[in-house]
Each structure stands twice: as structure tokens, then as C-alpha cells.
Amino acid sequence: MVSPRILSGVQPTGNLHLGNYLGAIRNWVEGQSQYENFFCVVDLHAITVPHKPETLAADTYTIAALYLACGIDLRYSNIFVQSHVSAHSELTWLLNCITPLNWLEDMIQFKEKAVKQGENVNVGLLDYPVLMAADILLYRADKVPVGEDQKQHLELTRDIAARFNYQFCREKPVLKLPEPLIRAEGARVMSLTDGTRKMSKSDPSDFSRINLLDTPETIQQKIKRCKTDSIRGMTFDDPERPECNNLLTLYMLLSGKSKQEVAIECQDMGWGQFKSLLTETTIAALKPIQEKYQAIMNDQGYLESVLRDGRQQAEAIANDTLSQVKAAMGYSVPL
Ligand code: TYM
């Protein structure tokens with residue numbers, strides 16, 4: 001029996017934070033044995049905002065090592081680098097030519113990032129979702145596990161695939177429409193300094209997020225300084241207490257306890273007591289990931305061989321889809 005296929009990815013812009021872990025990678029790890037999985041480090045997406053050439057390669061390796069450290073298992077999963085498989089760029093161009101401009105101008109993330117960048121907005125930022133669609137469609141992925149913020153990009157991917165199939169291969173569709181896989185809990189981890197804003201790599205303050213590679217001291221300082229309110233007793237789902245809901249949810253996910261258990265355990269706690277508990281739990285949850293990460297980084301040859309194998313597996317499927325797309329569009333076969 002053929003397993004359904006998964007594709008997902010993370011950008012190598014700086015470190016991974018708890019939002020990336022709880023919204024995406026943790027779910028990849030938990031579900032991986034049921035699927036055939038492709039996880040890429042999306043380094044072509046990383047240059048849609050100004051980037052540092054000196055650190056791009058090292059950041060890419062860091063993310064690949066973190067995938068392994070978080071528990072991606074090579075028995076079920078392939079890890080590869082997006083720019084190592086040239087079909088991603090090529091399919092993006094082909095899909096660009098059938099994607100209406102106003103679909104891209106409507107993307108919330110584009111609008112948000114464009115506002116932040118002011119005059120300095122490049123075409124790549126607008127085109128970001130088409131590259132993401134190419135990532136997914138090349139592998140004929142059945143499901144795409146992501147955080148809540150990527151939902152609109154997945155809807156766009158489905159629209160692009162449907163439009164392609166309708167225009168070029170109505171009888172025998174080439175592209176598969178993927179389903180998003182967004183878990184209710186952890187799909188939107190909020191900032192430590194403002195519980196109404198998403199935890200994000202692009203927030204200028206590092207105190208707004210906990211990174212997977214933060215030291216215990218840094219984690220302690222960040223939780224100590226994070227925003228709270230003046231109410232005693234911790235409660236879930238109170239719209240007046242976004243920080244409280246966010247931190248309780250983090251505690252629930254990192255401790256592995258149920259929502260009900262956490263609600264009872266923390267209902268009478270003051271902020272001081274709760275923050276100590278959250279600090280201890282976060283440090284303990286990240287410790288095994290950090291240890292495994294160090295071991296992997298000490299063996300560069302191993303990481304390179306993982307990425308080489310991943311690339312080979314990825315290329316076989318990606319090139320096959322690309323050939324079918326080109327044939328449907330009427331391209332001649334190279335002689
Ligand atoms: P990136 O690197 O911005 O985010 C990677 C993953 O982390 C999730 N995420 C969050 N989840 C919960 N709470 C948060 N605060 C939070 N912040 C980020 C994102 O939803 C994402 O799942 N465009 C993608 C990268 C990408 C991709 C793909 C994903 C490129 N091609 C193909 C899936 C399939 C992105 O947001 O990366």
C-alpha cells in the first residue's frame with residue numbers, strides 16, 4: 001500500500017522558535033510514520049527579504065540539523081535543501097505565467113511584509129507563494145502540515161493547481177490539490193511581549209520569542225521578562241488575557257499534559273509560581289533537542305550525507321512532475 005505523501009518546510013532565517021516547533025515540526029514528527037515525508041529547508045524563500053550571504057549556508061545546515069534533533073526519522077522522511085533541487089525554481093516560472101497578479105497582491109503575508117519593508121519590496125516577496133506552491137505541487141503532496149499563518153498560501157496553491165489542470169490537462173490532471181494539516185493547539189503561538197501578536201523570527205526583539213537553541217539562562221530571562229497581567233490565577237481562553245492563554249498553552253504543549261489537567265493545576269497560581277514552572281518545563285523539553293543538535297553538528301559528514309540522499313529522493317519525484325507539467329504546456333522534449 002502506498003502511504004499518503006507529506007511535504008513541508010521552514011525558512012533558514014535565523015534560529016527556529018517555539019512557534020515553528022509547536023506549529024509545524026512537532027506535528028511532522030508525530031505523524032511521520034503514517035506518511036512518506038519530504039521536509040525541505042526553503043533557502044530560496046529566505047532571500048525574499050534582505051539576507052546575509054555569509055550566513056545563509058550555515059543557517060541552512062542549522063535548520064536541517066534541527067529537523068533531525070527534533071525527531072525527524074530517516075526511516076520515514078527525507079530532508080533536503082530547496083535550492084539543491086532546481087525543479088523548484090523552474091516550476092515556479094511556469095506557474096508564474098498562469099497565476100493572476102491580483103491573487104498574489106491579496107496575500108495577507110505579502111501585505112504585512114511589504115508594509116514593514118517600505119520602498120524596498122522586491123518581486124520575489126510578491127512571488128513567494130508561487131514558489132511555495134511549486135514546492136508542494138512538485139511532490140504531488142497529499143497533506144501539508146503548517147501553522148495557521150500558512151493557510152491562505154495553501155488555498156492559493158490549490159487554486160493554482162486547479163487553474164493549471166483546467167487550462168492544460170482537463171482530461172488527465174497533472175497536479176494534485178493538497179490538503180492543509182493544521183492542528184488546533186499550537187497552530188498560532190503568540191509573542192512573549194504581546195499576546196495578540198504572532199511569535200515571529202522577524203520581530204526585532206529577541207525577547208519576544210524562545211528559540212530552540214536558547215540556553216537555560218536565556219530562557220529564564222525571557223520568561224521572567226515576558227508580558228503578564230495583574231490577575232491572580234491562570235485561565236485558558238479568556239479574550240481579556242491573551243498572554244495568560246498563550247503561556248498556559250505553551251506549558252500544556254511542552255509538558256505533554258491535557259488542557260484539563262493544566263487548567264486545574266494552574267488555576268490558583270500567581271504569575272511568579274507559574275513562570276517558574278513554565279521555565280523549568282521549557283528548559284527540560286528543549287534539553288534533549290539541544291543535545292542531539294550538538295551531536296549532529298559535530299558530525300558534518302553525516303549531515304551532508306543526509307542532505308545528499310534527501311536530494312536524490314526529492315529530485316526523482318520533482319523532475320518527473322516537472323516533465324509532466326512541461327508536456328501538458330506543450331514544451332518540446334530536449335534532444
Ligand atoms: P516559516 O519559516 O516562516 O515558518 C515555518 C513553519 O512554522 C510555522 N509558524 C508558526 N506556527 C505557530 N505559531 C507561530 N507563531 C508560527 N510561526 C511560524 C509556519 O506556519 C510554518 O509551518 N512559507 C513557509 C515555508 C514554506 C513551506 C513550503 C511550508 C515554503 N514552502 C511548502 C510548507 C510547504 C513559512 O512560513 O516558513
# chains A, B, ... in the order shown; residues from 1 in each chain; ligands from 1
$ closest_atom_pairs --of "chain A" --to "ligand 1" --cutoff "6 Å" --atoms "only C-alpha atoms and all ligand atoms" --output "Markdown table"
| residue | atom | partner | partner_atom_place_in_ligand_line | distance |
| --- | --- | --- | --- | --- |
| A:Leu7 | CA | ligand 1 | 34 (C) | 5.8 |
| A:Ser8 | CA | ligand 1 | 33 (C) | 3.8 |
| A:Gly9 | CA | ligand 1 | 29 (C) | 4.3 |
| A:Val10 | CA | ligand 1 | 2 (O) | 3.8 |
| A:Gln11 | CA | ligand 1 | 2 (O) | 3.8 |
| A:Gly19 | CA | ligand 1 | 14 (C) | 3.6 |
| A:Asn20 | CA | ligand 1 | 7 (O) | 3.5 |
| A:Gly23 | CA | ligand 1 | 11 (N) | 3.5 |
| A:Ala24 | CA | ligand 1 | 22 (O) | 4.7 |
| A:Val42 | CA | ligand 1 | 30 (C) | 5.5 |
| A:Met132 | CA | ligand 1 | 31 (N) | 3.9 |
| A:Asp135 | CA | ligand 1 | 32 (C) | 5.3 |
| A:Ile136 | CA | ligand 1 | 32 (C) | 5.4 |
| A:Val144 | CA | ligand 1 | 34 (C) | 5.9 |
| A:Val146 | CA | ligand 1 | 22 (O) | 3.3 |
| A:Gly147 | CA | ligand 1 | 20 (O) | 3.1 |
| A:Glu148 | CA | ligand 1 | 20 (O) | 5.6 |
| A:Asp149 | CA | ligand 1 | 20 (O) | 5.0 |
| A:Gln150 | CA | ligand 1 | 20 (O) | 4.9 |
| A:Gly186 | CA | ligand 1 | 12 (C) | 5.7 |
| A:Ala187 | CA | ligand 1 | 12 (C) | 4.3 |
| A:Arg188 | CA | ligand 1 | 13 (N) | 3.6 |
| A:Val189 | CA | ligand 1 | 13 (N) | 3.7 |
| A:Met190 | CA | ligand 1 | 15 (N) | 5.5 |
| A:Lys198 | CA | ligand 1 | 15 (N) | 4.6 |
| A:Met199 | CA | ligand 1 | 15 (N) | 4.0 |
| A:Ser200 | CA | ligand 1 | 17 (N) | 5.5 |
$ write_last_selection --atoms "N, CA and C atoms" --output "CSV table (one decimal), in the first residue's frame"
chain,number,residue,atom,x,y,z
A,7,LEU,N,4.5,17.1,2.4
A,7,LEU,CA,5.7,18.0,2.2
A,7,LEU,C,5.5,19.2,3.1
A,8,SER,N,6.6,19.6,3.7
A,8,SER,CA,6.6,20.9,4.4
A,8,SER,C,8.0,21.5,4.5
A,9,GLY,N,8.1,22.7,5.0
A,9,GLY,CA,9.4,23.3,5.0
A,9,GLY,C,9.5,24.5,6.0
A,10,VAL,N,10.7,24.9,6.3
A,10,VAL,CA,10.9,26.1,7.1
A,10,VAL,C,12.0,26.9,6.5
A,11,GLN,N,11.9,28.2,6.6
A,11,GLN,CA,13.0,29.1,6.1
A,11,GLN,C,14.2,29.2,7.0
A,19,GLY,N,7.3,28.7,18.1
A,19,GLY,CA,6.1,28.7,17.1
A,19,GLY,C,6.4,27.8,16.0
A,20,ASN,N,7.6,27.8,15.4
A,20,ASN,CA,7.9,26.9,14.3
A,20,ASN,C,7.9,25.4,14.8
A,23,GLY,N,4.0,24.7,16.1
A,23,GLY,CA,3.0,24.8,15.0
A,23,GLY,C,3.3,23.9,13.8
A,24,ALA,N,4.6,23.5,13.6
A,24,ALA,CA,4.9,22.7,12.5
A,24,ALA,C,5.7,21.5,12.8
A,42,VAL,N,13.8,25.8,3.1
A,42,VAL,CA,13.4,26.6,2.0
A,42,VAL,C,14.3,27.8,1.8
A,132,MET,N,6.2,28.6,-3.1
A,132,MET,CA,5.7,27.7,-2.1
A,132,MET,C,4.8,26.7,-2.8
A,135,ASP,N,6.9,24.2,-4.5
A,135,ASP,CA,7.4,23.2,-3.5
A,135,ASP,C,6.5,22.0,-3.3
A,136,ILE,N,5.2,22.4,-3.1
A,136,ILE,CA,4.2,21.4,-2.7
A,136,ILE,C,3.8,20.6,-3.9
A,144,VAL,N,-0.1,19.0,3.8
A,144,VAL,CA,0.9,19.9,4.1
A,144,VAL,C,0.7,20.4,5.6
A,146,VAL,N,1.4,22.6,8.5
A,146,VAL,CA,1.9,24.0,8.8
A,146,VAL,C,1.1,24.7,9.9
A,147,GLY,N,1.6,25.8,10.3
A,147,GLY,CA,0.9,26.7,11.3
A,147,GLY,C,-0.2,27.4,10.6
A,148,GLU,N,-1.0,28.0,11.4
A,148,GLU,CA,-2.2,28.7,10.9
A,148,GLU,C,-1.9,29.8,9.9
A,149,ASP,N,-0.8,30.5,10.1
A,149,ASP,CA,-0.4,31.6,9.2
A,149,ASP,C,-0.2,31.2,7.7
A,150,GLN,N,-0.1,29.9,7.5
A,150,GLN,CA,0.2,29.5,6.1
A,150,GLN,C,-1.1,29.0,5.4
A,186,GLY,N,-1.4,25.0,19.3
A,186,GLY,CA,0.0,25.4,18.9
A,186,GLY,C,0.1,25.9,17.5
A,187,ALA,N,-1.1,26.0,16.8
A,187,ALA,CA,-1.1,26.5,15.4
A,187,ALA,C,-0.7,28.0,15.3
A,188,ARG,N,-0.9,28.7,16.4
A,188,ARG,CA,-0.6,30.1,16.5
A,188,ARG,C,0.0,30.4,17.8
A,189,VAL,N,1.3,30.3,17.9
A,189,VAL,CA,2.0,30.6,19.2
A,189,VAL,C,2.2,32.1,19.2
A,190,MET,N,1.9,32.8,20.3
A,190,MET,CA,2.0,34.2,20.3
A,190,MET,C,3.3,34.8,20.9
A,198,LYS,N,1.7,37.3,16.7
A,198,LYS,CA,2.3,36.0,16.5
A,198,LYS,C,3.8,36.0,16.9
A,199,MET,N,4.3,34.9,17.5
A,199,MET,CA,5.7,34.8,17.7
A,199,MET,C,6.4,34.7,16.3
A,200,SER,N,7.4,35.5,16.1
A,200,SER,CA,7.9,35.6,14.7
A,200,SER,C,9.4,35.8,14.7
$ select_by_dssp --residues "region 64-192 of chain A" --states "alpha helix (DSSP H)" --output "PyMOL selection string"
chain A and resi 64-70+87-96+101-105+108-117+123-138+151-168
$ residues_around --residues "region 107-115 of chain A" --least-positions-apart "3" --cutoff "8 Å" --atoms "only C-alpha atoms" --output "list in words"
Trp103, Leu104, Gly118, Val121, Leu125, Leu126, Gln152 and His153 of chain A
$ residues_around --residues "Asn122 (chain A)" --least-positions-apart "3" --cutoff "10 Å" --atoms "only C-alpha atoms" --output "VMD selection string"
chain A and resid 47 to 50 114 117 119 125 to 127
$ write_last_selection --atoms "C-alpha atoms" --output "mmCIF file, in the first residue's frame"
data_model
loop_
_atom_site.group_PDB
_atom_site.id
_atom_site.type_symbol
_atom_site.label_atom_id
_atom_site.label_comp_id
_atom_site.auth_asym_id
_atom_site.auth_seq_id
_atom_site.Cartn_x
_atom_site.Cartn_y
_atom_site.Cartn_z
ATOM 1 C CA ILE A 47 16.172 35.657 0.075
ATOM 2 C CA THR A 48 12.768 37.291 -0.485
ATOM 3 C CA VAL A 49 13.766 39.658 2.325
ATOM 4 C CA PRO A 50 17.265 41.139 2.645
ATOM 5 C CA ALA A 114 5.592 44.829 2.262
ATOM 6 C CA GLN A 117 9.859 46.876 4.164
ATOM 7 C CA GLU A 119 10.023 51.058 -0.534
ATOM 8 C CA LEU A 125 8.427 38.775 -1.990
ATOM 9 C CA LEU A 126 5.287 39.019 -4.124
ATOM 10 C CA ASP A 127 6.152 35.726 -5.799
#
$ residues_around --residues "Arg241 (chain A)" --least-positions-apart "5" --cutoff "9 Å" --atoms "only C-alpha atoms" --output "MDAnalysis selection string"
chainID A and resid 195 228:229 231 235:236 246
$ residues_around --residues "region 211-227 of chain A" --least-positions-apart "5" --cutoff "10 Å" --atoms "only C-alpha atoms" --output "MDAnalysis selection string"
chainID A and resid 14:21 66 70 191:195 201 206 242:244 247 271:272 275:276 278:280 282:287 289:291 293:294
$ write_last_selection --atoms "N, CA, C and O atoms" --output "short mmCIF file (atom, residue, chain, number, x, y, z; two decimals), in the first residue's frame"
data_model
loop_
_atom_site.label_atom_id
_atom_site.label_comp_id
_atom_site.auth_asym_id
_atom_site.auth_seq_id
_atom_site.Cartn_x
_atom_site.Cartn_y
_atom_site.Cartn_z
N GLY A 14 17.67 32.79 10.46
CA GLY A 14 17.96 32.76 11.90
C GLY A 14 17.57 31.43 12.51
O GLY A 14 17.52 30.40 11.85
N ASN A 15 17.26 31.52 13.76
CA ASN A 15 17.00 30.34 14.58
C ASN A 15 15.54 29.88 14.47
O ASN A 15 14.71 30.64 14.04
N LEU A 16 15.26 28.67 14.87
CA LEU A 16 13.86 28.25 14.96
C LEU A 16 13.33 28.60 16.34
O LEU A 16 14.04 28.48 17.33
N HIS A 17 12.07 29.01 16.40
CA HIS A 17 11.49 29.35 17.71
C HIS A 17 10.35 28.36 18.05
O HIS A 17 10.02 27.47 17.25
N LEU A 18 9.79 28.58 19.24
CA LEU A 18 8.75 27.64 19.69
C LEU A 18 7.53 27.61 18.78
O LEU A 18 6.85 26.60 18.70
N GLY A 19 7.26 28.72 18.09
CA GLY A 19 6.13 28.73 17.13
C GLY A 19 6.39 27.76 15.99
O GLY A 19 5.52 26.95 15.64
N ASN A 20 7.60 27.79 15.44
CA ASN A 20 7.94 26.86 14.35
C ASN A 20 7.87 25.42 14.84
O ASN A 20 7.40 24.53 14.13
N TYR A 21 8.35 25.23 16.06
CA TYR A 21 8.38 23.86 16.60
C TYR A 21 6.97 23.34 16.90
O TYR A 21 6.58 22.28 16.42
N LEU A 66 18.41 20.74 12.99
CA LEU A 66 17.31 20.84 13.97
C LEU A 66 16.15 19.91 13.61
O LEU A 66 15.48 19.37 14.49
N CYS A 70 14.93 17.37 16.37
CA CYS A 70 13.54 17.37 16.87
C CYS A 70 12.87 16.01 16.70
O CYS A 70 11.76 15.80 17.18
N SER A 191 3.56 36.03 20.65
CA SER A 191 4.79 36.67 21.15
C SER A 191 4.80 36.73 22.68
O SER A 191 3.74 36.86 23.31
N LEU A 192 6.00 36.66 23.26
CA LEU A 192 6.11 36.76 24.73
C LEU A 192 5.91 38.19 25.21
O LEU A 192 5.62 38.42 26.38
N THR A 193 6.09 39.14 24.29
CA THR A 193 5.98 40.54 24.71
C THR A 193 4.63 41.16 24.34
O THR A 193 4.33 42.28 24.73
N ASP A 194 3.82 40.43 23.57
CA ASP A 194 2.48 40.93 23.21
C ASP A 194 1.64 39.72 22.78
O ASP A 194 1.84 39.17 21.69
N GLY A 195 0.73 39.32 23.65
CA GLY A 195 -0.06 38.10 23.41
C GLY A 195 -1.06 38.21 22.27
O GLY A 195 -1.77 37.26 21.97
N LYS A 201 10.09 35.23 13.70
CA LYS A 201 11.54 35.41 13.56
C LYS A 201 11.87 36.85 13.23
O LYS A 201 12.98 37.31 13.48
N ASP A 206 14.48 39.94 20.44
CA ASP A 206 14.65 38.51 20.69
C ASP A 206 13.88 38.08 21.95
O ASP A 206 13.61 36.90 22.14
N PRO A 242 -4.82 37.53 26.74
CA PRO A 242 -4.14 36.79 25.67
C PRO A 242 -2.79 36.20 26.10
O PRO A 242 -2.42 35.10 25.70
N GLU A 243 -2.07 36.93 26.96
CA GLU A 243 -0.74 36.44 27.39
C GLU A 243 -0.91 35.19 28.24
O GLU A 243 -0.17 34.21 28.11
N CYS A 244 -1.91 35.24 29.13
CA CYS A 244 -2.15 34.10 30.02
C CYS A 244 -2.52 32.86 29.20
O CYS A 244 -1.98 31.77 29.41
N LEU A 247 0.69 31.53 27.34
CA LEU A 247 1.71 30.87 28.18
C LEU A 247 1.18 29.55 28.74
O LEU A 247 1.92 28.57 28.86
N TRP A 271 1.48 34.65 39.10
CA TRP A 271 2.38 34.67 37.94
C TRP A 271 3.78 34.17 38.28
O TRP A 271 4.41 33.48 37.49
N GLY A 272 4.26 34.53 39.47
CA GLY A 272 5.63 34.13 39.85
C GLY A 272 5.77 32.61 39.85
O GLY A 272 6.71 32.06 39.25
N LYS A 275 5.44 31.18 36.29
CA LYS A 275 6.62 31.42 35.44
C LYS A 275 7.76 30.46 35.77
O LYS A 275 8.46 29.99 34.87
N SER A 276 7.94 30.16 37.07
CA SER A 276 8.99 29.19 37.43
C SER A 276 8.69 27.83 36.82
O SER A 276 9.57 27.16 36.28
N LEU A 278 6.84 27.18 34.16
CA LEU A 278 7.00 27.23 32.70
C LEU A 278 8.48 27.22 32.31
O LEU A 278 8.88 26.55 31.35
N THR A 279 9.30 27.93 33.09
CA THR A 279 10.73 27.97 32.80
C THR A 279 11.34 26.57 32.89
O THR A 279 12.01 26.11 31.96
N GLU A 280 11.04 25.91 34.00
CA GLU A 280 11.57 24.56 34.22
C GLU A 280 11.12 23.60 33.09
O GLU A 280 11.92 22.84 32.54
N THR A 282 10.10 24.33 30.03
CA THR A 282 10.65 24.68 28.72
C THR A 282 12.10 24.19 28.62
O THR A 282 12.49 23.58 27.62
N ILE A 283 12.86 24.45 29.67
CA ILE A 283 14.27 24.02 29.65
C ILE A 283 14.36 22.50 29.51
O ILE A 283 15.13 21.98 28.69
N ALA A 284 13.50 21.79 30.25
CA ALA A 284 13.54 20.32 30.20
C ALA A 284 13.10 19.81 28.82
O ALA A 284 13.67 18.84 28.30
N ALA A 285 12.12 20.47 28.21
CA ALA A 285 11.63 20.00 26.90
C ALA A 285 12.68 20.24 25.81
O ALA A 285 12.80 19.45 24.86
N LEU A 286 13.44 21.33 25.93
CA LEU A 286 14.40 21.66 24.86
C LEU A 286 15.75 20.96 25.04
O LEU A 286 16.51 20.84 24.08
N LYS A 287 16.02 20.48 26.27
CA LYS A 287 17.34 19.89 26.54
C LYS A 287 17.69 18.74 25.59
O LYS A 287 18.75 18.75 24.96
N ILE A 289 16.60 18.08 22.66
CA ILE A 289 16.74 18.59 21.28
C ILE A 289 18.11 19.25 21.13
O ILE A 289 18.84 19.02 20.17
N GLN A 290 18.49 20.03 22.14
CA GLN A 290 19.77 20.75 22.07
C GLN A 290 20.95 19.78 22.10
O GLN A 290 21.94 19.97 21.39
N GLU A 291 20.82 18.71 22.90
CA GLU A 291 21.91 17.73 22.98
C GLU A 291 22.08 17.00 21.65
O GLU A 291 23.18 16.81 21.15
N TYR A 293 21.14 18.07 18.77
CA TYR A 293 21.61 19.04 17.78
C TYR A 293 23.14 19.14 17.82
O TYR A 293 23.81 19.11 16.78
N GLN A 294 23.69 19.24 19.03
CA GLN A 294 25.15 19.36 19.15
C GLN A 294 25.85 18.15 18.57
O GLN A 294 26.85 18.26 17.86
#
$ residues_around --residues "Gly256 (chain A)" --least-positions-apart "3" --cutoff "12 Å" --atoms "only C-alpha atoms" --output "PDB file with C-alpha atoms, in the first residue's frame"
ATOM      1  CA  LEU A  22       4.889  23.634  18.075  1.00  0.00           C
ATOM      2  CA  ARG A  26       6.367  18.720  16.303  1.00  0.00           C
ATOM      3  CA  GLU A 185      -3.296  23.574  19.574  1.00  0.00           C
ATOM      4  CA  LEU A 248      -0.693  28.254  29.545  1.00  0.00           C
ATOM      5  CA  THR A 249      -0.907  26.726  26.070  1.00  0.00           C
ATOM      6  CA  LEU A 250       2.890  26.653  25.856  1.00  0.00           C
ATOM      7  CA  TYR A 251       3.034  24.924  29.234  1.00  0.00           C
ATOM      8  CA  MET A 252       0.398  22.408  28.136  1.00  0.00           C
ATOM      9  CA  LEU A 253       2.191  21.538  24.892  1.00  0.00           C
ATOM     10  CA  LYS A 259      -5.787  21.051  28.814  1.00  0.00           C
ATOM     11  CA  GLN A 260      -7.967  19.982  31.732  1.00  0.00           C
ATOM     12  CA  GLU A 261      -5.002  18.849  33.826  1.00  0.00           C
ATOM     13  CA  VAL A 262      -3.228  22.154  33.214  1.00  0.00           C
ATOM     14  CA  THR A 281       9.297  22.785  31.742  1.00  0.00           C
ATOM     15  CA  THR A 282      10.649  24.677  28.717  1.00  0.00           C
ATOM     16  CA  ALA A 284      13.535  20.320  30.196  1.00  0.00           C
ATOM     17  CA  ALA A 285      11.629  19.999  26.895  1.00  0.00           C
TER      18      ALA A 285
END
$ atom_distance --atom1 "CA of Ala141 (chain A)" --atom2 "CA of Lys176 (chain A)"
7.1 Å
$ closest_residue --among "A:Ala133, A:Ile182, A:Ala316, A:Leu177" --to "Lys151 (chain A)" --atoms "only C-alpha atoms"
A:Ile182
$ closest_residue --among "A:Pro239, A:Asp309, A:Arg140, A:Leu181" --to "Ala161 (chain A)" --atoms "only C-alpha atoms"
A:Arg140
